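Structure data follow from my_file.cif (mmCIF, C-alpha atoms and all ligand atoms):
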```cif
data_run
#
loop_
_atom_site.group_PDB
_atom_site.id
_atom_site.type_symbol
_atom_site.label_atom_id
_atom_site.label_comp_id
_atom_site.auth_asym_id
_atom_site.auth_seq_id
_atom_site.Cartn_x
_atom_site.Cartn_y
_atom_site.Cartn_z
ATOM 1 C CA MET A 1 -24.705 -35.630 -40.076
ATOM 2 C CA THR A 2 -28.146 -36.109 -38.568
ATOM 3 C CA ASP A 3 -28.015 -39.714 -39.491
ATOM 4 C CA GLN A 4 -24.772 -40.249 -37.602
ATOM 5 C CA HIS A 5 -26.229 -38.642 -34.542
ATOM 6 C CA HIS A 6 -29.190 -40.873 -34.710
ATOM 7 C CA SER A 7 -27.264 -44.025 -34.923
ATOM 8 C CA SER A 8 -24.694 -43.245 -32.189
ATOM 9 C CA ASP A 9 -26.155 -41.561 -29.109
ATOM 10 C CA GLN A 10 -29.885 -41.308 -29.491
ATOM 11 C CA PRO A 11 -32.304 -44.164 -29.320
ATOM 12 C CA ARG A 12 -33.911 -44.519 -32.643
ATOM 13 C CA ARG A 13 -37.513 -43.499 -32.914
ATOM 14 C CA PRO A 14 -39.738 -46.466 -33.162
ATOM 15 C CA SER A 15 -41.176 -46.731 -36.615
ATOM 16 C CA ALA A 16 -43.568 -49.061 -38.243
ATOM 17 C CA GLY A 17 -42.264 -52.598 -38.224
ATOM 18 C CA ASP A 18 -39.655 -51.837 -35.542
ATOM 19 C CA SER A 19 -39.051 -54.515 -32.957
ATOM 20 C CA VAL A 20 -38.436 -52.002 -30.118
ATOM 21 C CA SER A 21 -41.512 -52.063 -27.937
ATOM 22 C CA ASP A 22 -42.986 -49.204 -25.900
ATOM 23 C CA SER A 23 -42.341 -51.038 -22.680
ATOM 24 C CA ARG A 24 -38.604 -51.261 -23.418
ATOM 25 C CA LEU A 25 -38.501 -47.563 -24.048
ATOM 26 C CA VAL A 26 -40.271 -46.848 -20.782
ATOM 27 C CA GLU A 27 -37.800 -49.128 -19.012
ATOM 28 C CA ALA A 28 -34.819 -47.344 -20.535
ATOM 29 C CA HIS A 29 -36.256 -44.006 -19.470
ATOM 30 C CA SER A 30 -36.780 -45.061 -15.912
ATOM 31 C CA HIS A 31 -33.145 -46.270 -15.824
ATOM 32 C CA LEU A 32 -31.925 -42.873 -16.873
ATOM 33 C CA ALA A 33 -34.199 -41.139 -14.373
ATOM 34 C CA ARG A 34 -32.898 -43.275 -11.512
ATOM 35 C CA ASP A 35 -29.263 -42.419 -12.272
ATOM 36 C CA LYS A 36 -29.830 -38.763 -11.382
ATOM 37 C CA GLU A 37 -29.165 -37.621 -7.827
ATOM 38 C CA GLU A 38 -32.184 -37.483 -5.601
ATOM 39 C CA PRO A 39 -33.157 -33.879 -4.855
ATOM 40 C CA LYS A 40 -32.530 -33.097 -1.164
ATOM 41 C CA GLU A 41 -34.042 -30.644 1.242
ATOM 42 C CA GLY A 42 -32.067 -27.949 3.066
ATOM 43 C CA PHE A 43 -28.546 -26.729 2.309
ATOM 44 C CA SER A 44 -25.777 -28.930 1.171
ATOM 45 C CA LEU A 45 -22.592 -28.899 3.210
ATOM 46 C CA LEU A 46 -20.033 -27.449 0.808
ATOM 47 C CA PRO A 47 -21.520 -23.988 0.160
ATOM 48 C CA ILE A 48 -21.937 -23.429 3.932
ATOM 49 C CA VAL A 49 -18.266 -24.208 4.533
ATOM 50 C CA VAL A 50 -17.371 -21.822 1.735
ATOM 51 C CA VAL A 51 -19.542 -19.115 3.295
ATOM 52 C CA PHE A 52 -17.792 -19.601 6.656
ATOM 53 C CA ILE A 53 -14.347 -19.405 5.069
ATOM 54 C CA PHE A 54 -15.412 -16.287 3.230
ATOM 55 C CA CYS A 55 -16.695 -14.624 6.423
ATOM 56 C CA GLY A 56 -13.522 -15.641 8.244
ATOM 57 C CA PHE A 57 -11.450 -14.070 5.507
ATOM 58 C CA GLY A 58 -13.494 -10.876 5.680
ATOM 59 C CA PHE A 59 -12.988 -10.741 9.438
ATOM 60 C CA TRP A 60 -9.253 -11.277 9.071
ATOM 61 C CA ALA A 61 -9.056 -8.594 6.359
ATOM 62 C CA GLY A 62 -10.845 -6.162 8.684
ATOM 63 C CA LEU A 63 -8.385 -6.871 11.474
ATOM 64 C CA TYR A 64 -5.466 -6.543 9.098
ATOM 65 C CA LEU A 65 -6.664 -3.192 7.759
ATOM 66 C CA THR A 66 -7.353 -1.868 11.250
ATOM 67 C CA ARG A 67 -3.809 -2.619 12.269
ATOM 68 C CA ASN A 68 -1.949 -1.669 9.099
ATOM 69 C CA ALA A 69 -3.878 1.042 7.320
ATOM 70 C CA ALA A 70 -1.911 3.899 8.972
ATOM 71 C CA GLY A 71 -5.071 5.995 9.116
ATOM 72 C CA PHE A 72 -5.514 5.468 5.363
ATOM 73 C CA SER A 73 -2.987 8.244 4.834
ATOM 74 C CA PRO A 74 -1.590 8.337 1.290
ATOM 75 C CA SER A 75 1.865 9.017 2.737
ATOM 76 C CA ALA A 76 1.792 5.591 4.416
ATOM 77 C CA PHE A 77 3.701 4.194 1.448
ATOM 78 C CA ASP A 78 6.363 6.897 1.497
ATOM 79 C CA LEU A 79 8.914 5.739 4.043
ATOM 80 C CA ASN A 80 10.531 9.139 4.093
ATOM 81 C CA ALA A 81 7.443 11.260 4.545
ATOM 82 C CA PRO A 82 7.150 12.918 7.930
ATOM 83 C CA ARG A 83 5.081 10.692 10.210
ATOM 84 C CA GLU A 84 1.857 12.173 11.527
ATOM 85 C CA VAL A 85 1.424 11.813 15.247
ATOM 86 C CA ALA A 86 -2.177 11.907 16.467
ATOM 87 C CA ASN A 87 -3.311 15.562 16.465
ATOM 88 C CA ASP A 88 0.299 16.716 16.625
ATOM 89 C CA GLY A 89 0.739 17.527 12.961
ATOM 90 C CA PRO A 90 3.743 16.289 11.006
ATOM 91 C CA LYS A 91 6.868 15.694 13.032
ATOM 92 C CA ALA A 92 9.956 17.733 12.253
ATOM 93 C CA PHE A 93 12.679 15.930 10.297
ATOM 94 C CA GLU A 94 15.228 14.080 12.346
ATOM 95 C CA PRO A 95 18.228 12.518 10.643
ATOM 96 C CA ASP A 96 17.651 8.762 10.725
ATOM 97 C CA LEU A 97 20.940 6.880 10.560
ATOM 98 C CA ALA A 98 19.284 3.481 10.113
ATOM 99 C CA LYS A 99 17.434 4.713 7.023
ATOM 100 C CA GLY A 100 20.620 6.436 5.932
ATOM 101 C CA GLU A 101 22.562 3.195 6.124
ATOM 102 C CA LYS A 102 19.925 1.317 4.155
ATOM 103 C CA LEU A 103 19.939 3.972 1.434
ATOM 104 C CA PHE A 104 23.733 4.077 1.444
ATOM 105 C CA LEU A 105 23.843 0.333 0.788
ATOM 106 C CA GLN A 106 21.400 0.765 -2.108
ATOM 107 C CA GLN A 107 22.786 3.941 -3.634
ATOM 108 C CA CYS A 108 26.484 4.251 -2.815
ATOM 109 C CA ALA A 109 27.971 0.956 -1.615
ATOM 110 C CA SER A 110 28.323 -0.537 -5.079
ATOM 111 C CA CYS A 111 31.191 1.920 -5.609
ATOM 112 C CA HIS A 112 32.338 3.098 -2.169
ATOM 113 C CA GLN A 113 31.732 -0.357 -0.596
ATOM 114 C CA ALA A 114 29.688 -1.141 2.508
ATOM 115 C CA ASN A 115 32.750 -0.572 4.704
ATOM 116 C CA GLY A 116 33.286 2.901 3.215
ATOM 117 C CA LEU A 117 36.794 2.039 2.109
ATOM 118 C CA GLY A 118 36.151 2.276 -1.631
ATOM 119 C CA VAL A 119 38.223 0.346 -4.175
ATOM 120 C CA PRO A 120 41.869 1.386 -4.537
ATOM 121 C CA GLY A 121 42.491 3.022 -7.899
ATOM 122 C CA ALA A 122 38.786 3.178 -8.775
ATOM 123 C CA PHE A 123 36.511 4.490 -6.007
ATOM 124 C CA PRO A 124 37.836 6.737 -3.235
ATOM 125 C CA PRO A 125 37.142 5.948 0.431
ATOM 126 C CA LEU A 126 34.513 7.796 2.464
ATOM 127 C CA ALA A 127 35.879 6.515 5.768
ATOM 128 C CA ASN A 128 38.157 9.157 7.251
ATOM 129 C CA SER A 129 37.859 11.284 4.097
ATOM 130 C CA ALA A 130 38.370 15.022 4.532
ATOM 131 C CA TRP A 131 35.816 15.521 1.744
ATOM 132 C CA VAL A 132 33.138 13.936 3.918
ATOM 133 C CA LYS A 133 33.925 15.630 7.211
ATOM 134 C CA GLY A 134 33.776 19.385 7.730
ATOM 135 C CA SER A 135 31.603 21.386 5.352
ATOM 136 C CA GLU A 136 28.222 19.780 4.847
ATOM 137 C CA ASP A 137 27.665 21.873 1.695
ATOM 138 C CA ARG A 138 30.557 20.119 -0.031
ATOM 139 C CA ILE A 139 29.322 16.571 0.420
ATOM 140 C CA ILE A 140 25.694 17.526 -0.281
ATOM 141 C CA LYS A 141 26.755 19.151 -3.554
ATOM 142 C CA ILE A 142 28.766 16.059 -4.518
ATOM 143 C CA VAL A 143 25.812 13.780 -3.845
ATOM 144 C CA LEU A 144 23.312 16.045 -5.653
ATOM 145 C CA ALA A 145 25.336 16.882 -8.768
ATOM 146 C CA GLY A 146 28.053 14.192 -8.939
ATOM 147 C CA ILE A 147 31.783 14.731 -9.381
ATOM 148 C CA ALA A 148 34.313 13.832 -12.083
ATOM 149 C CA GLY A 149 37.976 14.519 -12.707
ATOM 150 C CA GLU A 150 41.251 14.040 -10.903
ATOM 151 C CA ILE A 151 40.809 13.977 -7.147
ATOM 152 C CA GLU A 152 43.062 13.190 -4.201
ATOM 153 C CA VAL A 153 41.596 11.432 -1.158
ATOM 154 C CA ASN A 154 43.700 10.315 1.798
ATOM 155 C CA GLY A 155 46.895 10.738 -0.208
ATOM 156 C CA MET A 156 45.712 8.582 -3.121
ATOM 157 C CA LYS A 157 44.839 9.920 -6.564
ATOM 158 C CA TYR A 158 41.692 8.894 -8.402
ATOM 159 C CA ASN A 159 40.237 9.954 -11.716
ATOM 160 C CA GLY A 160 36.736 8.671 -11.828
ATOM 161 C CA ASN A 161 33.182 9.649 -12.459
ATOM 162 C CA MET A 162 30.424 9.754 -9.890
ATOM 163 C CA PRO A 163 26.890 10.319 -11.263
ATOM 164 C CA ASN A 164 24.364 12.746 -9.775
ATOM 165 C CA ILE A 165 22.785 10.136 -7.487
ATOM 166 C CA GLY A 166 21.042 12.684 -5.262
ATOM 167 C CA ALA A 167 19.148 14.247 -8.163
ATOM 168 C CA GLY A 168 16.817 11.265 -8.084
ATOM 169 C CA LEU A 169 16.416 11.192 -4.296
ATOM 170 C CA LYS A 170 14.287 13.234 -1.918
ATOM 171 C CA ASP A 171 15.797 15.874 0.360
ATOM 172 C CA ALA A 172 15.168 13.711 3.420
ATOM 173 C CA GLN A 173 16.797 10.695 1.754
ATOM 174 C CA VAL A 174 19.913 12.668 0.863
ATOM 175 C CA ALA A 175 20.015 14.093 4.391
ATOM 176 C CA ASN A 176 19.788 10.610 5.896
ATOM 177 C CA ILE A 177 22.513 9.192 3.638
ATOM 178 C CA VAL A 178 24.881 12.090 4.240
ATOM 179 C CA SER A 179 24.213 12.021 7.994
ATOM 180 C CA TYR A 180 25.021 8.307 7.998
ATOM 181 C CA VAL A 181 28.216 8.700 5.956
ATOM 182 C CA ARG A 182 29.375 11.521 8.237
ATOM 183 C CA SER A 183 28.932 9.334 11.317
ATOM 184 C CA ALA A 184 30.003 5.878 10.106
ATOM 185 C CA TRP A 185 33.394 4.140 10.055
ATOM 186 C CA GLY A 186 34.935 6.503 12.604
ATOM 187 C CA ASN A 187 33.766 9.721 10.909
ATOM 188 C CA HIS A 188 32.527 12.270 13.443
ATOM 189 C CA ALA A 189 30.725 15.101 11.683
ATOM 190 C CA ASP A 190 27.366 16.694 12.412
ATOM 191 C CA PRO A 191 24.213 15.259 10.865
ATOM 192 C CA VAL A 192 22.519 17.125 8.029
ATOM 193 C CA MET A 193 18.931 18.391 7.877
ATOM 194 C CA ASP A 194 16.584 17.953 4.923
ATOM 195 C CA THR A 195 16.036 21.727 4.798
ATOM 196 C CA LYS A 196 19.766 22.183 4.184
ATOM 197 C CA VAL A 197 19.619 19.739 1.271
ATOM 198 C CA ALA A 198 16.581 21.573 -0.138
ATOM 199 C CA GLU A 199 18.393 24.897 0.154
ATOM 200 C CA ILE A 200 21.460 23.620 -1.696
ATOM 201 C CA ARG A 201 19.388 21.819 -4.316
ATOM 202 C CA LYS A 202 17.621 25.103 -5.042
ATOM 203 C CA ALA A 203 20.853 27.099 -5.099
ATOM 204 C CA ILE A 204 22.719 24.862 -7.553
ATOM 205 C CA GLY A 205 19.713 24.054 -9.766
ATOM 206 C CA SER A 206 20.084 21.187 -12.199
ATOM 207 C CA ARG A 207 23.651 21.354 -13.343
ATOM 208 C CA GLY A 208 26.412 19.062 -14.567
ATOM 209 C CA GLN A 209 28.913 17.259 -12.359
ATOM 210 C CA TYR A 210 31.383 19.238 -10.309
ATOM 211 C CA SER A 211 35.077 18.923 -10.921
ATOM 212 C CA PRO A 212 37.123 18.453 -7.744
ATOM 213 C CA LYS A 213 38.843 21.777 -8.543
ATOM 214 C CA GLU A 214 35.567 23.711 -8.739
ATOM 215 C CA ILE A 215 34.198 22.318 -5.532
ATOM 216 C CA LEU A 216 37.458 22.940 -3.638
ATOM 217 C CA GLU A 217 37.338 26.584 -4.699
ATOM 218 C CA GLN A 218 33.922 26.860 -3.054
ATOM 219 C CA HIS A 219 34.633 24.628 -0.059
ATOM 220 C CA PRO A 220 38.343 24.072 0.582
ATOM 221 C CA LEU A 221 39.208 21.009 2.656
ATOM 222 C CA GLU A 222 39.401 21.937 6.323
ATOM 223 C CA THR A 223 42.767 21.478 8.007
ATOM 224 C CA LYS A 224 42.370 19.982 11.410
HETATM 225 C C1 LIG A 301 29.033 4.779 -9.737
HETATM 226 C C2 LIG A 301 29.938 4.791 -8.614
HETATM 227 C C3 LIG A 301 29.624 5.723 -7.469
HETATM 228 C C4 LIG A 301 28.481 5.809 -6.721
HETATM 229 C C5 LIG A 301 27.214 4.956 -6.881
HETATM 230 C C6 LIG A 301 28.706 6.803 -5.738
HETATM 231 N N1 LIG A 301 29.955 7.328 -5.884
HETATM 232 FE FE1 LIG A 301 30.777 8.764 -4.726
HETATM 233 N N2 LIG A 301 32.401 8.800 -5.931
HETATM 234 C C7 LIG A 301 32.625 7.962 -7.002
HETATM 235 C C8 LIG A 301 33.850 8.313 -7.650
HETATM 236 C C9 LIG A 301 34.450 7.625 -8.852
HETATM 237 C C10 LIG A 301 34.357 9.435 -6.950
HETATM 238 C C11 LIG A 301 35.608 10.231 -7.307
HETATM 239 C C12 LIG A 301 35.258 11.147 -8.465
HETATM 240 C C13 LIG A 301 36.504 11.764 -9.114
HETATM 241 O O1 LIG A 301 37.444 11.028 -9.400
HETATM 242 O O2 LIG A 301 36.484 12.993 -9.326
HETATM 243 C C14 LIG A 301 33.428 9.689 -5.869
HETATM 244 C C15 LIG A 301 33.603 10.670 -4.908
HETATM 245 C C16 LIG A 301 32.821 10.851 -3.799
HETATM 246 C C17 LIG A 301 33.103 11.766 -2.704
HETATM 247 C C18 LIG A 301 34.294 12.682 -2.568
HETATM 248 C C19 LIG A 301 35.580 11.897 -2.369
HETATM 249 C C20 LIG A 301 35.636 11.036 -1.126
HETATM 250 O O3 LIG A 301 35.955 9.841 -1.284
HETATM 251 O O4 LIG A 301 35.353 11.503 -0.025
HETATM 252 C C21 LIG A 301 32.080 11.614 -1.806
HETATM 253 C C22 LIG A 301 31.923 12.370 -0.499
HETATM 254 C C23 LIG A 301 31.158 10.640 -2.352
HETATM 255 N N3 LIG A 301 31.650 10.181 -3.549
HETATM 256 C C24 LIG A 301 30.003 10.227 -1.738
HETATM 257 C C25 LIG A 301 29.079 9.368 -2.314
HETATM 258 C C26 LIG A 301 27.796 9.046 -1.722
HETATM 259 C C27 LIG A 301 27.289 9.563 -0.379
HETATM 260 C C28 LIG A 301 27.167 8.215 -2.596
HETATM 261 C C29 LIG A 301 25.764 7.669 -2.502
HETATM 262 C C30 LIG A 301 24.711 8.661 -2.469
HETATM 263 C C31 LIG A 301 28.076 7.986 -3.701
HETATM 264 N N4 LIG A 301 29.211 8.696 -3.493
HETATM 265 C C32 LIG A 301 27.779 7.153 -4.776
HETATM 266 C C33 LIG A 301 31.805 6.931 -7.414
HETATM 267 C C34 LIG A 301 30.536 6.700 -6.941
#
```
Just give me the structure as structure tokens.
Amino acid sequence: MTDQHHSSDQPRRPSAGDSVSDSRLVEAHSHLARDKEEPKEGFSLLPIVVVFIFCGFGFWAGLYLTRNAAGFSPSAFDLNAPREVANDGPKAFEPDLAKGEKLFLQQCASCHQANGLGVPGAFPPLANSAWVKGSEDRIIKIVLAGIAGEIEVNGMKYNGNMPNIGAGLKDAQVANIVSYVRSAWGNHADPVMDTKVAEIRKAIGSRGQYSPKEILEQHPLETK
């Protein structure tokens, strides 16, 4: 092991009878010494550039935070939390149809379709549906608890199963969705407040899906 080392990368030590002279060794040393970079005075360029980039980044981050930190409020990440207006306290809830539409597309459109027309034979329409218009309690209950069993909508019979989508949503989200559904595709019913959703959520507790029969007993379809 040591022998190998010796013979490959290290100059052999001069020993008695060796032909390597001191002067050759000194020459080899000075060669090696010359190959090293000359030490310089002052700063070299690269670290200064890096420092400038770093400062620039810090400056940009400061600007970014100033503009986007929303007062470092933890509710900044909750799109449905009431917005604080400077010194005005939280704003009262206002049904937001744009948010409602976005949530509808995420939560409901896979079945009822983006145009609210549903899928014949499978998912009933929400457009022009008597179940949607009129009583707000009825549609809120359907969204909170789900509905399953034979149902008739716009003269067509369905027998499907809608899960309790609203159970996983906030009151304000449900209110926005329902307000949107009640105003889209030619529906003209009043918007719904988050307090109403909270009230109904509390009243029905966590329960199984409604059957169309049960919900009609509580909230018969209005006749225009
Ligand atoms: C997984 C599919 C599915 C999703 C998602 C879904 N629904 Fe339904 N929905 C149904 C089915 C199926 C029925 C009919 C149930 C039956 O046959 O008893 C129904 C019925 C309804 C009704 C009563 C009948 C009518 O057409 O007016 C309303 C109102 C309603 N859904 C609203 C919503 C809203 C609002 C959402 C989103 C929060 C939603 N649904 C999400 C499948 C779904």
Notebook entry, point to check: Closest to ligand LIG 301 (chain A) among A:Asp96, A:Glu41, A:Glu150, A:Asp137, using only C-alpha atoms and all ligand atoms?
Noted result: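 Ranking A:Asp96, A:Glu41, A:Glu150, A:Asp137 by distance to ligand LIG 301 (chain A), first place goes to A:Glu150.
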Margin query: Please expand the PyMOL selection byres (((chain A and resi 210) around 8) and not hetatm) into the concrete residues it hits in this file, giving the result as a PyMOL selection string.
Written below: chain A and resi 142+145-148+208-209+211-212+214-215
Using C-alpha atoms, can you export the residues from the last selection as a PDB file, in the frame of the given file?
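Result went into selection_19.pdb, see below:
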```
ATOM      1  CA  ILE A 142      28.766  16.059  -4.518  1.00  0.00           C
ATOM      2  CA  ALA A 145      25.336  16.882  -8.768  1.00  0.00           C
ATOM      3  CA  GLY A 146      28.053  14.192  -8.939  1.00  0.00           C
ATOM      4  CA  ILE A 147      31.783  14.731  -9.381  1.00  0.00           C
ATOM      5  CA  ALA A 148      34.313  13.832 -12.083  1.00  0.00           C
ATOM      6  CA  GLY A 208      26.412  19.062 -14.567  1.00  0.00           C
ATOM      7  CA  GLN A 209      28.913  17.259 -12.359  1.00  0.00           C
ATOM      8  CA  SER A 211      35.077  18.923 -10.921  1.00  0.00           C
ATOM      9  CA  PRO A 212      37.123  18.453  -7.744  1.00  0.00           C
ATOM     10  CA  GLU A 214      35.567  23.711  -8.739  1.00  0.00           C
ATOM     11  CA  ILE A 215      34.198  22.318  -5.532  1.00  0.00           C
TER      12      ILE A 215
END
```
Item checked: Distance criterion (only C-alpha atoms): nearest to Ala175 (chain A) out of A:Cys55, A:Leu144, A:Cys111, A:Val153 -> A:Leu144
Margin query: Show me, as JSON, numbers by chain, the residues that have an atom within 12 Å of region 194-203 of chain A when counting all atoms listed in the file, minus same-chain residues fewer than 4 positions from it.
Written below: {"A": [80, 81, 82, 92, 93, 94, 95, 96, 135, 136, 137, 138, 139, 140, 141, 142, 143, 144, 145, 164, 166, 167, 168, 169, 170, 171, 172, 173, 174, 175, 176, 177, 178, 179, 207]}
Extending 5 Å beyond the listed atoms of region 104-119 of chain A on each side, what axis-aligned box results? I want centre and edge lengths in Å to one decimal, as lines of an AutoDock Vina configuration file.
```
center_x = 29.8
center_y = 1.6
center_z = -0.5
size_x = 26.8
size_y = 15.4
size_z = 20.3
```
Next item on the list: Evaluate the PyMOL selection byres (((chain A and resi 154) around 9) and not hetatm) on the structure here and hand back the selected residues as a list in words.
Entry: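 That selection, the PyMOL selection byres (((chain A and resi 154) around 9) and not hetatm), comes back as Pro124, Pro125, Asn128, Ser129, Ala130, Glu152, Val153, Gly155, Met156 and Lys157 of chain A.
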Notebook entry, point to check: When you draw a straight line from atom O2 of ligand LIG 301 (chain A) to CA of Gly205 (chain A), how long is it in Å?
Noted result: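 Separating atom O2 of ligand LIG 301 (chain A) from CA of Gly205 (chain A) is a distance of 20.1 Å.
Each of A:Pro74, A:Gly100, A:Gly56, A:Pro120 was checked against Gly160 (chain A) using all atoms listed in the file; the smallest atom-to-atom distance is that of A:Pro120.
Coordinates place CA of Val119 (chain A) at a distance of 16.0 Å from CA of Phe104 (chain A).
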Next item on the list: May I have the residues within 12 Å of Leu105 (chain A) as a ChimeraX atom specification, using all atoms listed in the file and disregarding those fewer than 5 positions away in the same chain?
Entry: /A:98-100,110-116,177,180-181
Next item on the list: Would you work out the distance separating CA of Ile165 (chain A) from CA of Lys91 (chain A), expressed in Å to one decimal?
Entry: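 Separating CA of Ile165 (chain A) from CA of Lys91 (chain A) is a distance of 26.6 Å.
Among the candidates A:Ala109, A:Leu216, A:Leu63, A:Leu221, the residue lying nearest to ligand LIG 301 (chain A) is A:Ala109 (atoms considered: all atoms listed in the file).
Nearest residue to ligand LIG 301 (chain A), choosing from A:Glu27, A:Asp190, A:Glu37, A:Glu101 and counting only C-alpha atoms and all ligand atoms: A:Glu101.
Using only C-alpha atoms, the smallest distance between any of A:Ala184, A:Ala61, A:Val26, A:Leu79 and Val132 (chain A) comes from A:Ala184.
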Add whatever atoms are absent from region 130-137 of chain A to reach all heavy atoms, and provide the output as a PDB file, in the frame of the given file.
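Now in out.pdb:
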```
ATOM      1  N   ALA A 130      38.547  13.603   4.198  1.00  0.00           N
ATOM      2  CA  ALA A 130      38.370  15.022   4.532  1.00  0.00           C
ATOM      3  C   ALA A 130      37.238  15.639   3.715  1.00  0.00           C
ATOM      4  O   ALA A 130      36.677  16.659   4.091  1.00  0.00           O
ATOM      5  CB  ALA A 130      39.679  15.771   4.282  1.00  0.00           C
ATOM      6  N   TRP A 131      36.896  15.010   2.578  1.00  0.00           N
ATOM      7  CA  TRP A 131      35.816  15.521   1.744  1.00  0.00           C
ATOM      8  C   TRP A 131      34.458  15.323   2.416  1.00  0.00           C
ATOM      9  O   TRP A 131      33.500  16.032   2.129  1.00  0.00           O
ATOM     10  CB  TRP A 131      35.792  14.776   0.398  1.00  0.00           C
ATOM     11  CG  TRP A 131      36.998  15.053  -0.442  1.00  0.00           C
ATOM     12  CD1 TRP A 131      38.255  14.538  -0.285  1.00  0.00           C
ATOM     13  CD2 TRP A 131      37.054  15.924  -1.562  1.00  0.00           C
ATOM     14  NE1 TRP A 131      39.095  15.025  -1.248  1.00  0.00           N
ATOM     15  CE2 TRP A 131      38.371  15.880  -2.050  1.00  0.00           C
ATOM     16  CE3 TRP A 131      36.129  16.725  -2.221  1.00  0.00           C
ATOM     17  CZ2 TRP A 131      38.789  16.614  -3.163  1.00  0.00           C
ATOM     18  CZ3 TRP A 131      36.533  17.456  -3.332  1.00  0.00           C
ATOM     19  CH2 TRP A 131      37.861  17.399  -3.789  1.00  0.00           C
ATOM     20  N   VAL A 132      34.402  14.300   3.273  1.00  0.00           N
ATOM     21  CA  VAL A 132      33.138  13.936   3.918  1.00  0.00           C
ATOM     22  C   VAL A 132      32.923  14.763   5.182  1.00  0.00           C
ATOM     23  O   VAL A 132      31.818  15.221   5.462  1.00  0.00           O
ATOM     24  CB  VAL A 132      33.146  12.422   4.252  1.00  0.00           C
ATOM     25  CG1 VAL A 132      31.985  12.051   5.158  1.00  0.00           C
ATOM     26  CG2 VAL A 132      33.123  11.604   2.961  1.00  0.00           C
ATOM     27  N   LYS A 133      34.025  14.904   5.945  1.00  0.00           N
ATOM     28  CA  LYS A 133      33.925  15.630   7.211  1.00  0.00           C
ATOM     29  C   LYS A 133      33.957  17.134   6.927  1.00  0.00           C
ATOM     30  O   LYS A 133      34.163  17.566   5.809  1.00  0.00           O
ATOM     31  CB  LYS A 133      35.077  15.201   8.125  1.00  0.00           C
ATOM     32  CG  LYS A 133      35.040  13.682   8.383  1.00  0.00           C
ATOM     33  CD  LYS A 133      36.099  13.219   9.346  1.00  0.00           C
ATOM     34  CE  LYS A 133      37.396  12.881   8.617  1.00  0.00           C
ATOM     35  NZ  LYS A 133      38.422  12.341   9.536  1.00  0.00           N
ATOM     36  N   GLY A 134      33.744  17.937   7.924  1.00  0.00           N
ATOM     37  CA  GLY A 134      33.776  19.385   7.730  1.00  0.00           C
ATOM     38  C   GLY A 134      32.520  19.880   7.035  1.00  0.00           C
ATOM     39  O   GLY A 134      31.416  19.480   7.388  1.00  0.00           O
ATOM     40  N   SER A 135      32.736  20.719   6.011  1.00  0.00           N
ATOM     41  CA  SER A 135      31.603  21.386   5.352  1.00  0.00           C
ATOM     42  C   SER A 135      30.536  20.406   4.881  1.00  0.00           C
ATOM     43  O   SER A 135      30.820  19.461   4.143  1.00  0.00           O
ATOM     44  CB  SER A 135      32.107  22.170   4.139  1.00  0.00           C
ATOM     45  OG  SER A 135      31.046  22.393   3.246  1.00  0.00           O
ATOM     46  N   GLU A 136      29.299  20.651   5.323  1.00  0.00           N
ATOM     47  CA  GLU A 136      28.222  19.780   4.847  1.00  0.00           C
ATOM     48  C   GLU A 136      27.811  20.162   3.434  1.00  0.00           C
ATOM     49  O   GLU A 136      27.349  19.328   2.666  1.00  0.00           O
ATOM     50  CB  GLU A 136      27.018  19.834   5.804  1.00  0.00           C
ATOM     51  CG  GLU A 136      26.518  21.238   6.102  1.00  0.00           C
ATOM     52  CD  GLU A 136      25.410  21.234   7.164  1.00  0.00           C
ATOM     53  OE1 GLU A 136      25.336  20.285   7.966  1.00  0.00           O
ATOM     54  OE2 GLU A 136      24.617  22.197   7.173  1.00  0.00           O
ATOM     55  N   ASP A 137      28.008  21.437   3.056  1.00  0.00           N
ATOM     56  CA  ASP A 137      27.665  21.873   1.695  1.00  0.00           C
ATOM     57  C   ASP A 137      28.426  21.052   0.648  1.00  0.00           C
ATOM     58  O   ASP A 137      27.875  20.678  -0.385  1.00  0.00           O
ATOM     59  CB  ASP A 137      28.013  23.355   1.497  1.00  0.00           C
ATOM     60  CG  ASP A 137      27.221  24.259   2.408  1.00  0.00           C
ATOM     61  OD1 ASP A 137      27.146  23.939   3.629  1.00  0.00           O
ATOM     62  OD2 ASP A 137      26.680  25.278   1.938  1.00  0.00           O
TER      63      ASP A 137
END
```
